[in-house]
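my_file23.cif (mmCIF, C-alpha atoms and all ligand atoms) appears below.
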data_protein
loop_
_atom_site.label_atom_id
_atom_site.label_comp_id
_atom_site.auth_asym_id
_atom_site.auth_seq_id
_atom_site.Cartn_x
_atom_site.Cartn_y
_atom_site.Cartn_z
CA MET A 1 -9.28 -5.99 26.41
CA LYS A 2 -12.68 -6.10 28.02
CA ASN A 3 -15.19 -3.88 26.16
CA LYS A 4 -13.09 -4.10 23.00
CA THR A 5 -14.25 -5.75 19.77
CA ALA A 6 -11.68 -7.33 17.46
CA LEU A 7 -12.10 -8.41 13.84
CA VAL A 8 -9.62 -11.04 12.64
CA THR A 9 -9.71 -11.62 8.87
CA GLY A 10 -8.73 -15.15 7.90
CA GLY A 11 -9.73 -15.90 11.49
CA MET A 12 -10.19 -19.63 10.86
CA GLY A 13 -6.75 -20.23 9.36
CA GLY A 14 -3.66 -21.45 11.20
CA ILE A 15 -2.42 -18.11 12.50
CA GLY A 16 -5.91 -16.58 12.54
CA THR A 17 -7.29 -19.23 14.90
CA ALA A 18 -4.43 -18.67 17.35
CA ILE A 19 -5.01 -14.89 17.20
CA CYS A 20 -8.75 -15.31 17.84
CA GLN A 21 -8.10 -17.57 20.82
CA HIS A 22 -5.45 -15.28 22.28
CA LEU A 23 -7.61 -12.15 21.98
CA CYS A 24 -10.52 -14.08 23.56
CA LYS A 25 -8.27 -14.98 26.50
CA GLN A 26 -7.53 -11.26 26.91
CA GLY A 27 -11.27 -10.62 27.28
CA ALA A 28 -11.99 -9.12 23.85
CA THR A 29 -15.16 -9.80 21.88
CA VAL A 30 -13.80 -11.53 18.79
CA VAL A 31 -15.25 -11.80 15.28
CA ALA A 32 -13.50 -14.21 12.91
CA SER A 33 -14.16 -13.54 9.26
CA TYR A 34 -13.93 -16.47 6.88
CA ASN A 35 -14.11 -17.22 3.20
CA ARG A 36 -14.01 -21.03 2.94
CA GLY A 37 -15.18 -20.66 -0.68
CA GLY A 38 -18.63 -19.89 0.73
CA ASP A 39 -18.83 -23.15 2.72
CA HIS A 40 -20.82 -21.76 5.66
CA GLU A 41 -21.29 -25.20 7.21
CA ALA A 42 -17.51 -25.65 7.46
CA ALA A 43 -17.33 -22.26 9.14
CA LYS A 44 -20.02 -23.22 11.64
CA ALA A 45 -18.15 -26.44 12.40
CA TRP A 46 -15.00 -24.40 13.19
CA GLN A 47 -17.06 -22.15 15.45
CA ALA A 48 -18.54 -25.14 17.31
CA GLU A 49 -15.06 -26.61 17.79
CA GLN A 50 -13.84 -23.33 19.27
CA LEU A 51 -16.80 -23.18 21.62
CA GLN A 52 -16.00 -26.71 22.81
CA GLN A 53 -12.53 -25.46 23.68
CA GLY A 54 -14.05 -22.54 25.62
CA PHE A 55 -13.71 -19.82 22.97
CA ASN A 56 -16.91 -17.98 22.11
CA ILE A 57 -16.09 -16.45 18.71
CA ALA A 58 -18.56 -14.78 16.36
CA ILE A 59 -18.16 -15.59 12.65
CA ARG A 60 -18.95 -13.66 9.45
CA TYR A 61 -18.34 -14.40 5.74
CA VAL A 62 -16.19 -12.10 3.60
CA ASP A 63 -14.18 -12.03 0.40
CA VAL A 64 -11.37 -9.63 1.31
CA ALA A 65 -10.58 -9.14 -2.39
CA ASP A 66 -14.02 -7.56 -2.88
CA PHE A 67 -14.61 -4.00 -1.63
CA LYS A 68 -18.38 -4.39 -1.42
CA SER A 69 -18.16 -7.69 0.45
CA CYS A 70 -15.92 -5.98 3.02
CA GLU A 71 -18.41 -3.13 3.36
CA ASN A 72 -21.19 -5.64 4.08
CA LEU A 73 -19.00 -7.35 6.69
CA ILE A 74 -18.09 -4.15 8.51
CA ASN A 75 -21.65 -2.79 8.43
CA ALA A 76 -22.93 -6.04 9.97
CA ILE A 77 -20.31 -5.94 12.74
CA ASN A 78 -20.96 -2.25 13.46
CA THR A 79 -24.66 -2.95 13.87
CA GLU A 80 -24.25 -6.01 16.02
CA PHE A 81 -21.18 -5.23 18.11
CA ASN A 82 -20.98 -1.47 18.48
CA GLY A 83 -17.95 -0.99 16.23
CA ILE A 84 -14.47 -2.40 15.79
CA ASP A 85 -11.66 -1.38 18.15
CA ILE A 86 -9.05 -3.85 16.94
CA LEU A 87 -8.56 -4.88 13.31
CA ILE A 88 -6.20 -7.72 12.41
CA ASN A 89 -5.68 -7.83 8.63
CA ASN A 90 -4.52 -11.44 8.50
CA ALA A 91 -6.17 -13.08 5.45
CA GLY A 92 -3.66 -14.15 2.81
CA ILE A 93 -2.75 -16.77 0.21
CA THR A 94 0.23 -18.01 -1.76
CA ARG A 95 0.38 -19.02 -5.43
CA ASP A 96 4.08 -19.84 -5.71
CA ALA A 97 5.72 -20.12 -9.13
CA GLN A 98 8.92 -18.95 -10.72
CA PHE A 99 8.28 -15.55 -12.34
CA SER A 100 9.09 -16.91 -15.79
CA LYS A 101 6.14 -19.30 -15.42
CA MET A 102 3.74 -17.18 -13.32
CA THR A 103 0.26 -16.63 -14.78
CA PRO A 104 -1.68 -13.34 -14.59
CA GLU A 105 -4.21 -15.16 -12.37
CA GLU A 106 -1.49 -16.23 -9.88
CA TRP A 107 -0.17 -12.67 -9.78
CA GLN A 108 -3.58 -11.02 -9.40
CA ALA A 109 -5.04 -13.39 -6.80
CA VAL A 110 -2.09 -12.85 -4.48
CA ILE A 111 -2.07 -9.07 -4.92
CA SER A 112 -5.85 -8.86 -4.42
CA ILE A 113 -6.13 -11.06 -1.35
CA ASN A 114 -2.91 -10.00 0.40
CA LEU A 115 -2.61 -6.32 -0.54
CA ASP A 116 -5.87 -4.92 -1.97
CA SER A 117 -7.52 -6.40 1.14
CA MET A 118 -5.65 -3.84 3.26
CA PHE A 119 -7.59 -1.09 1.48
CA ASN A 120 -10.84 -3.03 1.14
CA VAL A 121 -11.20 -3.85 4.84
CA THR A 122 -9.45 -0.93 6.54
CA ARG A 123 -11.22 1.72 4.43
CA HIS A 124 -14.56 0.64 5.92
CA VAL A 125 -13.20 0.58 9.47
CA ILE A 126 -11.10 3.72 9.68
CA ASN A 127 -13.72 6.48 9.82
CA ALA A 128 -15.50 5.01 12.84
CA MET A 129 -12.12 4.62 14.59
CA LEU A 130 -11.30 8.26 13.78
CA GLU A 131 -14.63 9.38 15.24
CA ARG A 132 -14.10 7.35 18.40
CA LYS A 133 -10.47 8.42 18.61
CA TYR A 134 -9.30 4.88 19.28
CA GLY A 135 -8.07 1.96 17.23
CA ARG A 136 -5.48 -0.77 16.90
CA ILE A 137 -4.71 -2.01 13.37
CA ILE A 138 -2.27 -4.86 12.87
CA ASN A 139 -1.33 -6.01 9.37
CA ILE A 140 0.18 -9.45 8.87
CA SER A 141 3.01 -9.28 6.36
CA SER A 142 5.87 -11.80 6.02
CA ILE A 143 9.61 -12.33 6.19
CA ASN A 144 9.36 -12.80 2.41
CA GLY A 145 8.13 -9.23 1.99
CA GLN A 146 11.39 -8.17 3.65
CA LYS A 147 13.93 -10.49 2.01
CA GLY A 148 12.16 -11.71 -1.16
CA GLN A 149 11.78 -15.44 -1.87
CA PHE A 150 12.47 -17.60 -4.92
CA GLY A 151 9.05 -18.45 -6.38
CA GLN A 152 7.20 -15.60 -4.69
CA THR A 153 7.46 -12.40 -6.76
CA ASN A 154 3.70 -11.96 -6.30
CA TYR A 155 3.65 -12.66 -2.56
CA SER A 156 6.86 -10.76 -1.80
CA ALA A 157 5.50 -7.70 -3.67
CA ALA A 158 2.19 -7.83 -1.82
CA LYS A 159 3.78 -8.36 1.59
CA ALA A 160 6.34 -5.58 1.04
CA GLY A 161 3.46 -3.32 0.02
CA ILE A 162 1.71 -3.98 3.30
CA HIS A 163 4.42 -2.31 5.31
CA GLY A 164 4.33 0.78 3.08
CA PHE A 165 0.59 0.91 3.74
CA THR A 166 1.19 0.57 7.49
CA LYS A 167 3.75 3.37 7.64
CA ALA A 168 1.67 5.83 5.60
CA LEU A 169 -1.59 5.16 7.42
CA ALA A 170 0.14 5.26 10.82
CA GLN A 171 1.13 8.85 10.15
CA GLU A 172 -2.37 9.88 9.05
CA VAL A 173 -4.17 8.56 12.12
CA ALA A 174 -1.58 8.84 14.92
CA ARG A 175 -3.15 11.96 16.44
CA LYS A 176 -6.52 10.23 16.74
CA GLY A 177 -5.49 7.46 19.12
CA ILE A 178 -5.10 4.88 16.36
CA THR A 179 -1.95 2.80 15.96
CA VAL A 180 -1.07 0.87 12.80
CA ASN A 181 1.66 -1.77 12.87
CA THR A 182 2.99 -4.63 10.78
CA ILE A 183 3.98 -8.08 11.99
CA SER A 184 6.33 -10.01 9.69
CA PRO A 185 6.30 -13.68 10.65
CA GLY A 186 8.91 -16.08 9.38
CA TYR A 187 7.97 -19.66 8.53
CA ILE A 188 5.14 -20.71 10.86
CA GLU A 189 3.74 -24.24 11.08
CA THR A 190 0.39 -23.84 9.28
CA ALA A 191 -1.22 -25.31 6.15
CA MET A 192 0.39 -22.53 4.09
CA VAL A 193 3.91 -23.68 4.94
CA MET A 194 3.11 -27.39 5.08
CA SER A 195 1.95 -27.18 1.43
CA VAL A 196 5.54 -26.44 0.37
CA ALA A 197 7.22 -29.65 -0.87
CA ASP A 198 8.88 -31.54 2.02
CA ASN A 199 12.39 -31.41 0.53
CA ILE A 200 12.16 -27.63 -0.06
CA ARG A 201 10.70 -26.99 3.40
CA GLU A 202 13.49 -28.99 5.04
CA LYS A 203 16.06 -26.77 3.35
CA ILE A 204 14.21 -23.67 4.60
CA VAL A 205 14.07 -24.95 8.19
CA ALA A 206 17.82 -25.59 8.00
CA GLN A 207 18.25 -21.82 7.48
CA ILE A 208 16.37 -20.87 10.66
CA PRO A 209 18.83 -20.25 13.53
CA VAL A 210 16.26 -21.29 16.16
CA GLY A 211 16.14 -24.64 14.32
CA ARG A 212 12.40 -25.08 13.87
CA LEU A 213 9.26 -23.57 12.34
CA GLY A 214 7.44 -20.97 14.42
CA LYS A 215 4.15 -21.71 16.15
CA PRO A 216 0.93 -19.76 15.41
CA GLU A 217 0.67 -18.96 19.14
CA GLU A 218 4.04 -17.19 18.94
CA VAL A 219 2.56 -14.77 16.39
CA ALA A 220 -0.69 -14.43 18.34
CA ARG A 221 1.15 -13.29 21.49
CA ALA A 222 2.76 -10.46 19.53
CA VAL A 223 -0.58 -9.48 18.02
CA ALA A 224 -2.11 -9.24 21.50
CA PHE A 225 0.84 -7.12 22.66
CA LEU A 226 0.38 -4.59 19.85
CA ALA A 227 -3.41 -4.68 20.24
CA ALA A 228 -3.27 -3.71 23.92
CA GLU A 229 -4.38 -0.23 24.97
CA GLU A 230 -0.98 0.17 26.71
CA SER A 231 0.86 -0.12 23.35
CA GLY A 232 -0.33 3.32 22.21
CA PHE A 233 3.18 4.67 21.59
CA ILE A 234 4.09 1.90 19.15
CA THR A 235 2.98 2.81 15.65
CA GLY A 236 4.28 2.42 12.11
CA SER A 237 6.57 -0.35 13.32
CA ASN A 238 7.36 -3.75 11.85
CA LEU A 239 7.78 -6.56 14.36
CA THR A 240 9.67 -9.57 12.98
CA ILE A 241 9.01 -13.03 14.40
CA ASN A 242 11.24 -15.32 12.39
CA GLY A 243 13.53 -17.37 14.62
CA GLY A 244 16.50 -15.27 13.50
CA GLN A 245 16.16 -16.26 9.83
CA TYR A 246 16.37 -12.67 8.56
CA LEU A 247 17.79 -9.86 10.65
CA ILE A 248 17.61 -6.20 9.69
N1 LIG B 1 17.39 -20.14 -4.87
C1 LIG B 1 18.02 -20.38 -6.04
N2 LIG B 1 17.63 -21.36 -6.88
C2 LIG B 1 16.59 -22.11 -6.53
C3 LIG B 1 15.88 -21.89 -5.32
C4 LIG B 1 16.33 -20.86 -4.47
N3 LIG B 1 15.72 -20.59 -3.30
N4 LIG B 1 14.89 -22.78 -5.26
C5 LIG B 1 14.95 -23.53 -6.37
N5 LIG B 1 15.98 -23.12 -7.14
C6 LIG B 1 16.41 -23.69 -8.42
C7 LIG B 1 16.46 -25.21 -8.33
O1 LIG B 1 17.69 -25.64 -7.81
C8 LIG B 1 16.27 -25.60 -9.76
O2 LIG B 1 17.49 -25.46 -10.44
P1 LIG B 1 17.88 -26.41 -11.69
O3 LIG B 1 16.80 -26.20 -12.71
O4 LIG B 1 19.21 -25.90 -12.09
O5 LIG B 1 17.87 -27.79 -11.11
C9 LIG B 1 15.30 -24.54 -10.32
O6 LIG B 1 15.45 -23.40 -9.44
C10 LIG B 1 13.89 -25.01 -10.31
O7 LIG B 1 13.51 -25.34 -8.96
P2 LIG B 1 12.17 -26.11 -8.64
O8 LIG B 1 12.26 -27.52 -9.19
O9 LIG B 1 11.83 -25.98 -7.20
O10 LIG B 1 11.14 -25.30 -9.54
P3 LIG B 1 9.62 -25.46 -9.68
O11 LIG B 1 9.20 -24.57 -10.78
O12 LIG B 1 9.21 -26.89 -9.70
O13 LIG B 1 9.05 -24.93 -8.27
C11 LIG B 1 8.55 -23.33 -6.58
C12 LIG B 1 9.12 -23.56 -7.96
C13 LIG B 1 7.08 -23.81 -6.53
C14 LIG B 1 8.58 -21.85 -6.33
C15 LIG B 1 9.35 -24.10 -5.53
O14 LIG B 1 10.71 -23.80 -5.69
C16 LIG B 1 8.96 -23.74 -4.12
O15 LIG B 1 7.93 -24.18 -3.61
N6 LIG B 1 9.77 -22.94 -3.42
C17 LIG B 1 9.50 -22.48 -2.06
C18 LIG B 1 8.76 -21.19 -2.08
C19 LIG B 1 8.49 -20.75 -0.67
O16 LIG B 1 9.36 -20.62 0.17
N7 LIG B 1 7.20 -20.49 -0.39
C20 LIG B 1 6.81 -20.12 0.94
C21 LIG B 1 5.38 -20.56 1.15
S1 LIG B 1 4.86 -20.31 2.85
C22 LIG B 1 4.73 -18.64 2.96
O17 LIG B 1 4.82 -17.93 2.02
C23 LIG B 1 4.51 -18.09 4.32
C24 LIG B 1 5.46 -17.04 4.61
O18 LIG B 1 5.11 -15.86 4.52
C25 LIG B 1 6.78 -17.39 5.10
P1 LIG B 2 -3.87 -20.16 6.31
O1 LIG B 2 -4.05 -21.13 7.40
O2 LIG B 2 -3.93 -20.62 4.90
O3 LIG B 2 -4.91 -18.98 6.52
C1 LIG B 2 -5.14 -18.02 5.56
C2 LIG B 2 -6.50 -17.41 5.80
O4 LIG B 2 -6.79 -16.43 4.77
C3 LIG B 2 -7.60 -18.44 5.78
O5 LIG B 2 -8.26 -18.40 7.01
C4 LIG B 2 -8.52 -17.98 4.66
O6 LIG B 2 -9.88 -18.04 4.99
C5 LIG B 2 -8.16 -16.51 4.50
N1 LIG B 2 -8.50 -16.11 3.13
C6 LIG B 2 -7.93 -16.55 1.97
N2 LIG B 2 -8.55 -15.98 0.93
C7 LIG B 2 -9.52 -15.16 1.42
C8 LIG B 2 -10.48 -14.31 0.84
N3 LIG B 2 -10.58 -14.13 -0.50
N4 LIG B 2 -11.33 -13.63 1.66
C9 LIG B 2 -11.25 -13.79 2.98
N5 LIG B 2 -10.36 -14.58 3.61
C10 LIG B 2 -9.51 -15.26 2.82
O7 LIG B 2 -2.46 -19.42 6.44
P2 LIG B 2 -1.73 -18.79 7.70
O8 LIG B 2 -0.39 -19.37 7.71
O9 LIG B 2 -2.59 -18.86 8.91
O10 LIG B 2 -1.59 -17.28 7.18
C11 LIG B 2 -2.22 -16.19 7.81
C12 LIG B 2 -1.51 -14.92 7.36
O11 LIG B 2 -0.16 -14.95 7.80
C13 LIG B 2 -1.44 -14.74 5.85
O12 LIG B 2 -1.58 -13.38 5.52
C14 LIG B 2 -0.04 -15.20 5.51
O13 LIG B 2 0.42 -14.63 4.31
C15 LIG B 2 0.69 -14.71 6.71
N6 LIG B 2 1.97 -15.37 6.97
C16 LIG B 2 2.01 -16.71 7.17
C17 LIG B 2 3.23 -17.29 7.44
C18 LIG B 2 3.40 -18.76 7.68
O14 LIG B 2 4.55 -19.20 7.72
N7 LIG B 2 2.35 -19.53 7.88
C19 LIG B 2 4.38 -16.51 7.51
C20 LIG B 2 4.29 -15.15 7.29
C21 LIG B 2 3.06 -14.60 7.04
P3 LIG B 2 -10.75 -19.39 4.84
O15 LIG B 2 -9.92 -20.48 5.44
O16 LIG B 2 -11.97 -19.09 5.60
O17 LIG B 2 -10.98 -19.57 3.38
#

Represent the supplied structure as structure tokens.
Amino acid sequence: MKNKTALVTGGMGGIGTAICQHLCKQGATVVASYNRGGDHEAAKAWQAEQLQQGFNIAIRYVDVADFKSCENLINAINTEFNGIDILINNAGITRDAQFSKMTPEEWQAVISINLDSMFNVTRHVINAMLERKYGRIINISSINGQKGQFGQTNYSAAKAGIHGFTKALAQEVARKGITVNTISPGYIETAMVMSVADNIREKIVAQIPVGRLGKPEEVARAVAFLAAEESGFITGSNLTINGGQYLI
């Protein structure tokens, strides 16, 4: 991936960090976007930690729920790095609650950050990719967008929507050297999953045939596979990485 620039949204999170590191190892120039509630010092500390581990990763602030903020991010990267070849739409949140108790804020935050973000970020990236006739777009969905999950009507709706977005966009840009794919991870050992109550999480793990949570690196390897130039015939697909928990 030498001479390729990758943007990873949510690049400092559990899965995002593994993706950034993996793409770095493949020789890509990597930009991790962060939110951190605007805590730029925390972001710089993450960057320094990565550098200590041998990963030179650029960082930029964004709120993926905000169209203008995404425009500012992409403009800054275009100026500094000569465009984006690989876009990993990875930022996401959960606000779990039974539907009968879910607030409008819990619904909206999840839809905005997980689904509207697909439009907000990709819309600013796509025209330059079309002009250059090259691009790799990988959208991080979830097993729970495929099967649904008790307590996640908001998240399941957003994550299911992502794959519709992938399939439609894949068709629009296929002739211009751009692939668009979805990855649907199962339960991966990050802060997002560890925030589920221990007794509930144990029951979930018991339903995973492989018998454990997935590792962020296991998702990152698949991202790198789809992001490779050689993967140009794979588009509009949905790659599941879930330890056998849900098979379709
Ligand atoms: N199916 C059917 N019934 C269920 C159920 C399930 N999966 N889970 C809970 N219930 C039942 C309970 O047995 C209980 O029944 P009774 O009232 O008869 O005792 C009732 O529903 C209430 O359950 P809770 O006490 O758990 O309800 P709560 O309102 O306190 O909590 C919740 C609701 C926060 C959604 C909690 O159930 C929960 O955290 N569930 C897990 C959600 C989950 O898997 N989130 C994934 C986060 S990680 C992620 O999203 C990453 C990814 O992409 C994979
Ligand atoms: P995580 O560690 O909580 O990371 C989520 C990332 O999203 C964080 O880096 C966060 O950035 C970013 N983010 C949140 N709100 C944002 C906003 N408004 N603007 C910009 N960035 C924002 O969770 P993760 O497990 O790595 O999840 C990464 C992706 O994988 C998510 O889309 C998630 O839904 C999906 N996924 C996870 C699992 C799993 O089991 N862990 C399974 C399936 C799918 P900051 O930290 O900088 O605020």

>> Please return as an NGL selection string the residues found within 6 Å of ligand LIG 2 (chain B), counting all atoms listed in the file.
In response: :A and (10-16 or 34-37 or 62-65 or 90-93 or 113 or 140-142 or 185-193)

Can I get the residues close to ligand LIG 1 (chain B) as a short mmCIF file (atom, residue, chain, number, x, y, z; two decimals) with C-alpha atoms, in the frame of the given file, where close means within 8 Å and we count only C-alpha atoms and all ligand atoms?
data_model
loop_
_atom_site.label_atom_id
_atom_site.label_comp_id
_atom_site.auth_asym_id
_atom_site.auth_seq_id
_atom_site.Cartn_x
_atom_site.Cartn_y
_atom_site.Cartn_z
CA ILE A 93 -2.75 -16.77 0.21
CA THR A 94 0.23 -18.01 -1.76
CA ASP A 96 4.08 -19.84 -5.71
CA ALA A 97 5.72 -20.12 -9.13
CA GLN A 98 8.92 -18.95 -10.72
CA LYS A 101 6.14 -19.30 -15.42
CA SER A 141 3.01 -9.28 6.36
CA SER A 142 5.87 -11.80 6.02
CA ILE A 143 9.61 -12.33 6.19
CA ASN A 144 9.36 -12.80 2.41
CA GLY A 145 8.13 -9.23 1.99
CA GLN A 149 11.78 -15.44 -1.87
CA PHE A 150 12.47 -17.60 -4.92
CA GLY A 151 9.05 -18.45 -6.38
CA GLN A 152 7.20 -15.60 -4.69
CA TYR A 155 3.65 -12.66 -2.56
CA SER A 184 6.33 -10.01 9.69
CA PRO A 185 6.30 -13.68 10.65
CA GLY A 186 8.91 -16.08 9.38
CA TYR A 187 7.97 -19.66 8.53
CA ILE A 188 5.14 -20.71 10.86
CA MET A 192 0.39 -22.53 4.09
CA VAL A 193 3.91 -23.68 4.94
CA MET A 194 3.11 -27.39 5.08
CA SER A 195 1.95 -27.18 1.43
CA VAL A 196 5.54 -26.44 0.37
CA ALA A 197 7.22 -29.65 -0.87
CA ILE A 200 12.16 -27.63 -0.06
CA ARG A 201 10.70 -26.99 3.40
CA ILE A 204 14.21 -23.67 4.60
#

> Need the neighbours of (-10.6, 2.5, 19.3): which residues are at most 7 Å away, counting all atoms listed in the file, as a list in words?
Replying inline: Asp85, Ile86, Met129, Arg132, Lys133, Tyr134, Gly135, Arg136 and Ile178 of chain A

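Our summary of the geometry notes that CA of Leu51 in chain A is positioned 12.4 Å from CA of Val30 in chain A.
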
>> Please determine, counting only C-alpha atoms, which residue among A:Ser156, A:Asn82, A:Ser112, A:Thr179 has the shortest atom-to-atom distance to Asn139 in chain A.
In response: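 Using only C-alpha atoms, Asn139 in chain A sits closest to A:Thr179.
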